[in-house]
file input-v9.pdb (PDB, C-alpha atoms, pLDDT in the B column)
ATOM      1  CA  MET L   1     124.802  93.101  87.259  1.00 63.00           C
ATOM      2  CA  ARG L   2     125.040  91.885  90.822  1.00 66.00           C
ATOM      3  CA  GLU L   3     124.074  88.295  91.556  1.00 63.00           C
ATOM      4  CA  ILE L   4     121.795  87.682  94.496  1.00 58.00           C
ATOM      5  CA  ARG L   5     122.086  84.378  96.288  1.00 54.00           C
ATOM      6  CA  VAL L   6     119.771  83.029  98.918  1.00 48.00           C
ATOM      7  CA  SER L   7     121.363  80.590 101.290  1.00 46.00           C
ATOM      8  CA  VAL L   8     119.679  77.432 102.467  1.00 45.00           C
ATOM      9  CA  ASP L   9     119.616  78.910 105.989  1.00 45.00           C
ATOM     10  CA  GLU L  10     117.663  81.984 104.828  1.00 50.00           C
ATOM     11  CA  ARG L  11     115.116  79.844 102.996  1.00 54.00           C
ATOM     12  CA  SER L  12     114.648  77.515 105.941  1.00 59.00           C
ATOM     13  CA  GLY L  13     114.314  80.541 108.243  1.00 67.00           C
ATOM     14  CA  GLY L  14     111.443  81.797 106.091  1.00 78.00           C
ATOM     15  CA  ASP L  15     109.888  78.353 106.155  1.00 90.00           C
ATOM     16  CA  MET L  16     110.170  78.264 109.931  1.00 92.00           C
ATOM     17  CA  ALA L  17     108.530  81.690 110.205  1.00 93.00           C
ATOM     18  CA  LYS L  18     105.653  80.433 108.044  1.00 94.00           C
ATOM     19  CA  ARG L  19     105.329  77.265 110.117  1.00 94.00           C
ATOM     20  CA  LEU L  20     105.333  79.174 113.400  1.00 96.00           C
ATOM     21  CA  SER L  21     102.828  81.713 112.056  1.00 97.00           C
ATOM     22  CA  LEU L  22     100.444  78.968 110.967  1.00 97.00           C
ATOM     23  CA  LEU L  23     100.932  77.215 114.303  1.00 97.00           C
ATOM     24  CA  LEU L  24     100.093  80.401 116.231  1.00 98.00           C
ATOM     25  CA  LEU L  25      97.052  81.069 114.062  1.00 98.00           C
ATOM     26  CA  ARG L  26      95.829  77.469 114.401  1.00 98.00           C
ATOM     27  CA  VAL L  27      96.362  77.373 118.177  1.00 98.00           C
ATOM     28  CA  SER L  28      94.681  80.755 118.735  1.00 98.00           C
ATOM     29  CA  LEU L  29      91.659  79.867 116.579  1.00 98.00           C
ATOM     30  CA  GLY L  30      91.280  76.484 118.252  1.00 98.00           C
ATOM     31  CA  GLY L  31      91.780  78.130 121.639  1.00 98.00           C
ATOM     32  CA  LEU L  32      88.920  80.505 120.919  1.00 98.00           C
ATOM     33  CA  LEU L  33      86.601  77.558 120.279  1.00 98.00           C
ATOM     34  CA  LEU L  34      87.841  75.934 123.497  1.00 98.00           C
ATOM     35  CA  VAL L  35      87.121  79.076 125.518  1.00 97.00           C
ATOM     36  CA  TRP L  36      83.621  79.480 124.126  1.00 96.00           C
ATOM     37  CA  GLY L  37      82.937  75.764 124.479  1.00 97.00           C
ATOM     38  CA  VAL L  38      83.943  75.834 128.144  1.00 97.00           C
ATOM     39  CA  ASN L  39      81.737  78.907 128.592  1.00 95.00           C
ATOM     40  CA  LYS L  40      78.735  76.937 127.298  1.00 94.00           C
ATOM     41  CA  VAL L  41      79.392  74.233 129.897  1.00 95.00           C
ATOM     42  CA  VAL L  42      80.292  76.275 132.988  1.00 96.00           C
ATOM     43  CA  ASN L  43      78.414  79.545 132.407  1.00 93.00           C
ATOM     44  CA  ILE L  44      75.073  78.398 131.079  1.00 89.00           C
ATOM     45  CA  ASP L  45      73.162  81.581 131.971  1.00 90.00           C
ATOM     46  CA  HIS L  46      75.615  83.750 130.018  1.00 89.00           C
ATOM     47  CA  SER L  47      75.565  81.335 127.079  1.00 88.00           C
ATOM     48  CA  MET L  48      71.754  81.303 127.059  1.00 88.00           C
ATOM     49  CA  ALA L  49      71.706  85.113 126.990  1.00 87.00           C
ATOM     50  CA  ILE L  50      74.122  85.085 124.032  1.00 88.00           C
ATOM     51  CA  ALA L  51      72.010  82.491 122.209  1.00 86.00           C
ATOM     52  CA  GLU L  52      68.843  84.493 122.776  1.00 86.00           C
ATOM     53  CA  ASN L  53      70.360  87.868 121.804  1.00 85.00           C
ATOM     54  CA  PHE L  54      72.439  86.862 118.785  1.00 85.00           C
ATOM     55  CA  TYR L  55      71.258  83.450 117.562  1.00 82.00           C
ATOM     56  CA  PHE L  56      67.448  83.718 117.741  1.00 75.00           C
ATOM     57  CA  GLY L  57      67.358  81.411 120.762  1.00 77.00           C
ATOM     58  CA  LEU L  58      69.040  78.525 118.928  1.00 74.00           C
ATOM     59  CA  LEU L  59      70.382  76.060 121.521  1.00 72.00           C
ATOM     60  CA  ALA L  60      69.124  78.332 124.320  1.00 76.00           C
ATOM     61  CA  ALA L  61      68.298  75.398 126.559  1.00 78.00           C
ATOM     62  CA  GLU L  62      70.090  74.121 129.621  1.00 82.00           C
ATOM     63  CA  THR L  63      70.311  70.647 128.111  1.00 86.00           C
ATOM     64  CA  TRP L  64      71.607  71.621 124.658  1.00 90.00           C
ATOM     65  CA  LEU L  65      74.210  74.234 125.590  1.00 91.00           C
ATOM     66  CA  PRO L  66      76.546  71.853 127.478  1.00 92.00           C
ATOM     67  CA  ILE L  67      76.318  69.314 124.642  1.00 93.00           C
ATOM     68  CA  ALA L  68      77.147  72.022 122.100  1.00 93.00           C
ATOM     69  CA  GLY L  69      79.927  73.237 124.408  1.00 95.00           C
ATOM     70  CA  VAL L  70      81.544  69.793 124.636  1.00 97.00           C
ATOM     71  CA  ALA L  71      81.349  69.418 120.852  1.00 97.00           C
ATOM     72  CA  GLN L  72      82.852  72.881 120.396  1.00 97.00           C
ATOM     73  CA  MET L  73      85.653  72.034 122.850  1.00 98.00           C
ATOM     74  CA  ALA L  74      86.389  68.818 120.935  1.00 98.00           C
ATOM     75  CA  VAL L  75      86.649  70.731 117.649  1.00 98.00           C
ATOM     76  CA  GLY L  76      88.817  73.382 119.314  1.00 98.00           C
ATOM     77  CA  LEU L  77      91.149  70.798 120.824  1.00 98.00           C
ATOM     78  CA  LEU L  78      91.533  68.983 117.502  1.00 98.00           C
ATOM     79  CA  ILE L  79      92.394  72.294 115.853  1.00 98.00           C
ATOM     80  CA  VAL L  80      94.918  73.242 118.553  1.00 98.00           C
ATOM     81  CA  VAL L  81      96.855  69.972 118.213  1.00 97.00           C
ATOM     82  CA  GLY L  82      96.341  69.739 114.465  1.00 97.00           C
ATOM     83  CA  LEU L  83      94.364  66.521 114.058  1.00 97.00           C
ATOM     84  CA  ALA L  84      91.598  65.786 111.547  1.00 97.00           C
ATOM     85  CA  ARG L  85      92.095  69.265 110.104  1.00 96.00           C
ATOM     86  CA  ARG L  86      90.406  68.469 106.801  1.00 94.00           C
ATOM     87  CA  TRP L  87      87.254  67.693 108.793  1.00 97.00           C
ATOM     88  CA  VAL L  88      87.406  70.231 111.646  1.00 98.00           C
ATOM     89  CA  TYR L  89      88.482  73.278 109.622  1.00 98.00           C
ATOM     90  CA  PRO L  90      85.173  73.397 107.714  1.00 98.00           C
ATOM     91  CA  VAL L  91      83.324  72.980 111.034  1.00 98.00           C
ATOM     92  CA  GLN L  92      85.371  75.837 112.471  1.00 98.00           C
ATOM     93  CA  LEU L  93      84.599  77.961 109.414  1.00 98.00           C
ATOM     94  CA  LEU L  94      80.890  77.240 109.848  1.00 97.00           C
ATOM     95  CA  ILE L  95      80.934  78.133 113.560  1.00 96.00           C
ATOM     96  CA  ASN L  96      82.906  81.330 112.963  1.00 97.00           C
ATOM     97  CA  GLY L  97      80.806  82.172 109.900  1.00 97.00           C
ATOM     98  CA  VAL L  98      77.575  81.892 111.886  1.00 95.00           C
ATOM     99  CA  SER L  99      79.100  84.116 114.575  1.00 95.00           C
ATOM    100  CA  LEU L 100      80.114  86.655 111.932  1.00 96.00           C
ATOM    101  CA  VAL L 101      76.613  86.720 110.454  1.00 95.00           C
ATOM    102  CA  ALA L 102      75.157  87.175 113.953  1.00 93.00           C
ATOM    103  CA  VAL L 103      77.167  90.366 114.495  1.00 95.00           C
ATOM    104  CA  VAL L 104      77.512  91.587 110.907  1.00 96.00           C
ATOM    105  CA  ALA L 105      75.905  94.937 111.763  1.00 96.00           C
ATOM    106  CA  SER L 106      78.817  95.587 114.152  1.00 95.00           C
ATOM    107  CA  VAL L 107      81.283  94.746 111.379  1.00 97.00           C
ATOM    108  CA  ILE L 108      79.586  97.080 108.923  1.00 97.00           C
ATOM    109  CA  ASP L 109      79.103  99.930 111.421  1.00 97.00           C
ATOM    110  CA  PRO L 110      81.209  99.245 114.536  1.00 97.00           C
ATOM    111  CA  TRP L 111      80.539 102.665 116.123  1.00 96.00           C
ATOM    112  CA  GLY L 112      76.808 102.709 115.563  1.00 96.00           C
ATOM    113  CA  TRP L 113      76.820 105.759 113.328  1.00 97.00           C
ATOM    114  CA  PHE L 114      74.108 104.341 111.061  1.00 96.00           C
ATOM    115  CA  LEU L 115      72.913 101.117 112.706  1.00 96.00           C
ATOM    116  CA  GLU L 116      71.577 100.745 116.224  1.00 94.00           C
ATOM    117  CA  GLY L 117      72.832  98.177 118.696  1.00 92.00           C
ATOM    118  CA  THR L 118      76.303  97.730 117.213  1.00 94.00           C
ATOM    119  CA  ASN L 119      79.518  97.312 119.154  1.00 94.00           C
ATOM    120  CA  ALA L 120      83.117  97.758 117.970  1.00 96.00           C
ATOM    121  CA  LEU L 121      84.154  94.790 120.136  1.00 95.00           C
ATOM    122  CA  PHE L 122      82.459  92.460 117.625  1.00 95.00           C
ATOM    123  CA  TYR L 123      84.543  93.664 114.667  1.00 97.00           C
ATOM    124  CA  PRO L 124      87.224  90.953 115.261  1.00 97.00           C
ATOM    125  CA  SER L 125      84.630  88.383 114.171  1.00 97.00           C
ATOM    126  CA  LEU L 126      85.619  89.278 110.623  1.00 98.00           C
ATOM    127  CA  ILE L 127      89.302  88.743 111.452  1.00 98.00           C
ATOM    128  CA  ILE L 128      88.547  85.390 113.078  1.00 98.00           C
ATOM    129  CA  PHE L 129      86.598  84.306 110.007  1.00 98.00           C
ATOM    130  CA  ALA L 130      89.464  85.418 107.750  1.00 98.00           C
ATOM    131  CA  GLY L 131      91.935  83.489 109.924  1.00 98.00           C
ATOM    132  CA  SER L 132      89.749  80.398 109.557  1.00 98.00           C
ATOM    133  CA  LEU L 133      89.997  80.769 105.783  1.00 98.00           C
ATOM    134  CA  VAL L 134      93.778  81.193 105.985  1.00 98.00           C
ATOM    135  CA  VAL L 135      94.378  77.989 107.954  1.00 97.00           C
ATOM    136  CA  MET L 136      92.167  76.119 105.479  1.00 97.00           C
ATOM    137  CA  ALA L 137      93.978  77.591 102.483  1.00 97.00           C
ATOM    138  CA  PHE L 138      97.424  76.747 103.862  1.00 96.00           C
ATOM    139  CA  VAL L 139      96.599  73.411 105.498  1.00 95.00           C
ATOM    140  CA  ASP L 140      99.313  71.631 103.491  1.00 94.00           C
ATOM    141  CA  GLN L 141     101.963  74.118 104.621  1.00 94.00           C
ATOM    142  CA  ASP L 142     101.218  73.772 108.349  1.00 95.00           C
ATOM    143  CA  GLN L 143     103.930  71.203 109.010  1.00 93.00           C
ATOM    144  CA  LEU L 144     103.758  71.554 112.813  1.00 95.00           C
ATOM    145  CA  ALA L 145     100.318  69.914 113.080  1.00 96.00           C
ATOM    146  CA  LEU L 146     100.104  66.361 114.368  1.00 96.00           C
ATOM    147  CA  ASP L 147      98.455  65.121 111.180  1.00 95.00           C
ATOM    148  CA  ALA L 148     100.868  66.941 108.832  1.00 93.00           C
ATOM    149  CA  LYS L 149     102.353  64.890 106.043  1.00 82.00           C
ATOM    150  CA  LYS L 150     106.055  65.260 106.575  1.00 70.00           C
ATOM    151  CA  THR L 151     107.885  65.886 103.326  1.00 61.00           C
ATOM    152  CA  PRO L 152     111.548  65.005 103.101  1.00 61.00           C
ATOM    153  CA  ALA L 153     114.005  67.861 102.845  1.00 58.00           C
ATOM    154  CA  PRO L 154     114.998  68.625  99.243  1.00 61.00           C
ATOM    155  CA  VAL L 155     118.300  67.280  98.056  1.00 62.00           C
ATOM    156  CA  SER L 156     120.713  70.073  97.260  1.00 61.00           C
ATOM    157  CA  TRP L 157     122.119  70.492  93.763  1.00 54.00           C
ATOM    158  CA  LYS L 158     125.657  69.686  94.942  1.00 54.00           C
ATOM    159  CA  ALA L 159     124.575  66.476  96.635  1.00 56.00           C
ATOM    160  CA  SER L 160     122.678  65.273  93.566  1.00 54.00           C
ATOM    161  CA  ARG L 161     125.595  66.226  91.307  1.00 56.00           C
ATOM    162  CA  ARG L 162     128.075  64.311  93.473  1.00 59.00           C
ATOM    163  CA  CYS L 163     125.822  61.274  93.234  1.00 60.00           C
ATOM    164  CA  GLY L 164     125.994  61.416  89.432  1.00 59.00           C
ATOM    165  CA  GLN L 165     122.417  62.494  88.841  1.00 57.00           C
TER     166      GLN L 165
END

call {"tool": "encode", "arguments": {"input": "input-v9.pdb", "output": "structure tokens"}}
result
Amino acid sequence: MREIRVSVDERSGGDMAKRLSLLLLRVSLGGLLLVWGVNKVVNIDHSMAIAENFYFGLLAAETWLPIAGVAQMAVGLLIVVGLARRWVYPVQLLINGVSLVAVVASVIDPWGWFLEGTNALFYPSLIIFAGSLVVMAFVDQDQLALDAKKTPAPVSWKASRRCGQ
């Protein structure tokens, strides 16, 4: 029987891949909220049309959209840098969940074969929602966030044996 050994370098390489993947997912999800928040502030007419078409007119007012946009940008920025994640991840999930519900017909039937008014471009809403769940599920493993609890590197067996432990 052949013995398989995994070196410390291979394990740390896998850890780095996981950290970078979570970083990319976190930054891209937070960036999406930033983009849509900026849109609410600088492109009010477009944002009002979206609110009226997909969200039953909720926040479809020139005074509320910029306020919602600034709040959305704040959440997005906190997500990008990785601060207050235990608070902002549920907010992100709520925002992305509401967006998913608003376009669920396009997720169910992206090509409009059975439902009218659908659009395949809205299908990624499901992926965005799933990504929001992933960053929440692996929050403790995202060590590249600013609020990450840094855990010390494990002591190797040889080092602990040399120390008489």

call {"tool": "resolve_selection", "arguments": {"input": "input-v9.pdb", "expression": "the PyMOL selection byres ((chain L and resi 120-137) around 10)", "output": "number ranges by chain"}}
result
L: 22-23, 25-26, 28-30, 32, 79, 85-86, 88-112, 118-119, 138-142

call {"tool": "write_last_selection", "arguments": {"input": "input-v9.pdb", "atoms": "C-alpha atoms", "output": "PDB file, keeping the file's coordinate frame"}}
result
ATOM      1  CA  LEU L  22     100.444  78.968 110.967  1.00 97.00           C
ATOM      2  CA  LEU L  23     100.932  77.215 114.303  1.00 97.00           C
ATOM      3  CA  LEU L  25      97.052  81.069 114.062  1.00 98.00           C
ATOM      4  CA  ARG L  26      95.829  77.469 114.401  1.00 98.00           C
ATOM      5  CA  SER L  28      94.681  80.755 118.735  1.00 98.00           C
ATOM      6  CA  LEU L  29      91.659  79.867 116.579  1.00 98.00           C
ATOM      7  CA  GLY L  30      91.280  76.484 118.252  1.00 98.00           C
ATOM      8  CA  LEU L  32      88.920  80.505 120.919  1.00 98.00           C
ATOM      9  CA  ILE L  79      92.394  72.294 115.853  1.00 98.00           C
ATOM     10  CA  ARG L  85      92.095  69.265 110.104  1.00 96.00           C
ATOM     11  CA  ARG L  86      90.406  68.469 106.801  1.00 94.00           C
ATOM     12  CA  VAL L  88      87.406  70.231 111.646  1.00 98.00           C
ATOM     13  CA  TYR L  89      88.482  73.278 109.622  1.00 98.00           C
ATOM     14  CA  PRO L  90      85.173  73.397 107.714  1.00 98.00           C
ATOM     15  CA  VAL L  91      83.324  72.980 111.034  1.00 98.00           C
ATOM     16  CA  GLN L  92      85.371  75.837 112.471  1.00 98.00           C
ATOM     17  CA  LEU L  93      84.599  77.961 109.414  1.00 98.00           C
ATOM     18  CA  LEU L  94      80.890  77.240 109.848  1.00 97.00           C
ATOM     19  CA  ILE L  95      80.934  78.133 113.560  1.00 96.00           C
ATOM     20  CA  ASN L  96      82.906  81.330 112.963  1.00 97.00           C
ATOM     21  CA  GLY L  97      80.806  82.172 109.900  1.00 97.00           C
ATOM     22  CA  VAL L  98      77.575  81.892 111.886  1.00 95.00           C
ATOM     23  CA  SER L  99      79.100  84.116 114.575  1.00 95.00           C
ATOM     24  CA  LEU L 100      80.114  86.655 111.932  1.00 96.00           C
ATOM     25  CA  VAL L 101      76.613  86.720 110.454  1.00 95.00           C
ATOM     26  CA  ALA L 102      75.157  87.175 113.953  1.00 93.00           C
ATOM     27  CA  VAL L 103      77.167  90.366 114.495  1.00 95.00           C
ATOM     28  CA  VAL L 104      77.512  91.587 110.907  1.00 96.00           C
ATOM     29  CA  ALA L 105      75.905  94.937 111.763  1.00 96.00           C
ATOM     30  CA  SER L 106      78.817  95.587 114.152  1.00 95.00           C
ATOM     31  CA  VAL L 107      81.283  94.746 111.379  1.00 97.00           C
ATOM     32  CA  ILE L 108      79.586  97.080 108.923  1.00 97.00           C
ATOM     33  CA  ASP L 109      79.103  99.930 111.421  1.00 97.00           C
ATOM     34  CA  PRO L 110      81.209  99.245 114.536  1.00 97.00           C
ATOM     35  CA  TRP L 111      80.539 102.665 116.123  1.00 96.00           C
ATOM     36  CA  GLY L 112      76.808 102.709 115.563  1.00 96.00           C
ATOM     37  CA  THR L 118      76.303  97.730 117.213  1.00 94.00           C
ATOM     38  CA  ASN L 119      79.518  97.312 119.154  1.00 94.00           C
ATOM     39  CA  PHE L 138      97.424  76.747 103.862  1.00 96.00           C
ATOM     40  CA  VAL L 139      96.599  73.411 105.498  1.00 95.00           C
ATOM     41  CA  ASP L 140      99.313  71.631 103.491  1.00 94.00           C
ATOM     42  CA  GLN L 141     101.963  74.118 104.621  1.00 94.00           C
ATOM     43  CA  ASP L 142     101.218  73.772 108.349  1.00 95.00           C
TER      44      ASP L 142
END

call {"tool": "resolve_selection", "arguments": {"input": "input-v9.pdb", "expression": "the PyMOL selection byres ((chain L and resi 145) around 8)", "output": "PDB file with C-alpha atoms, keeping the file's coordinate frame"}}
result
ATOM      1  CA  LEU L  23     100.932  77.215 114.303  1.00 97.00           C
ATOM      2  CA  VAL L  81      96.855  69.972 118.213  1.00 97.00           C
ATOM      3  CA  GLY L  82      96.341  69.739 114.465  1.00 97.00           C
ATOM      4  CA  LEU L  83      94.364  66.521 114.058  1.00 97.00           C
ATOM      5  CA  ASP L 142     101.218  73.772 108.349  1.00 95.00           C
ATOM      6  CA  GLN L 143     103.930  71.203 109.010  1.00 93.00           C
ATOM      7  CA  LEU L 144     103.758  71.554 112.813  1.00 95.00           C
ATOM      8  CA  LEU L 146     100.104  66.361 114.368  1.00 96.00           C
ATOM      9  CA  ASP L 147      98.455  65.121 111.180  1.00 95.00           C
ATOM     10  CA  ALA L 148     100.868  66.941 108.832  1.00 93.00           C
TER      11      ALA L 148
END

call {"tool": "resolve_selection", "arguments": {"input": "input-v9.pdb", "expression": "the PyMOL selection byres ((chain L and resi 33-45) around 7)", "output": "list in words"}}
result
Leu29, Gly30, Gly31, Leu32, His46, Ser47, Met48, Ala49, Glu62, Leu65, Pro66, Gly69, Val70, Gln72, Met73, Gly76 and Leu77 of chain L

call {"tool": "atom_distance", "arguments": {"input": "input-v9.pdb", "atom1": "atom CA of Ala61 of chain L", "atom2": "atom CA of Val75 of chain L"}}
result
20.9 Å

call {"tool": "atom_distance", "arguments": {"input": "input-v9.pdb", "atom1": "atom CA of Ala68 of chain L", "atom2": "atom CA of Glu52 of chain L"}}
result
15.0 Å

call {"tool": "atom_distance", "arguments": {"input": "input-v9.pdb", "atom1": "atom CA of Ala71 of chain L", "atom2": "atom CA of Ala84 of chain L"}}
result
14.3 Å

call {"tool": "axis_aligned_box", "arguments": {"input": "input-v9.pdb", "around": "segment 65-73 of chain L", "padding_each_side": "6 Å", "output": "JSON"}}
result
{"center_x": 79.9, "center_y": 71.8, "center_z": 123.9, "size_x": 23.4, "size_y": 16.9, "size_z": 19.1}
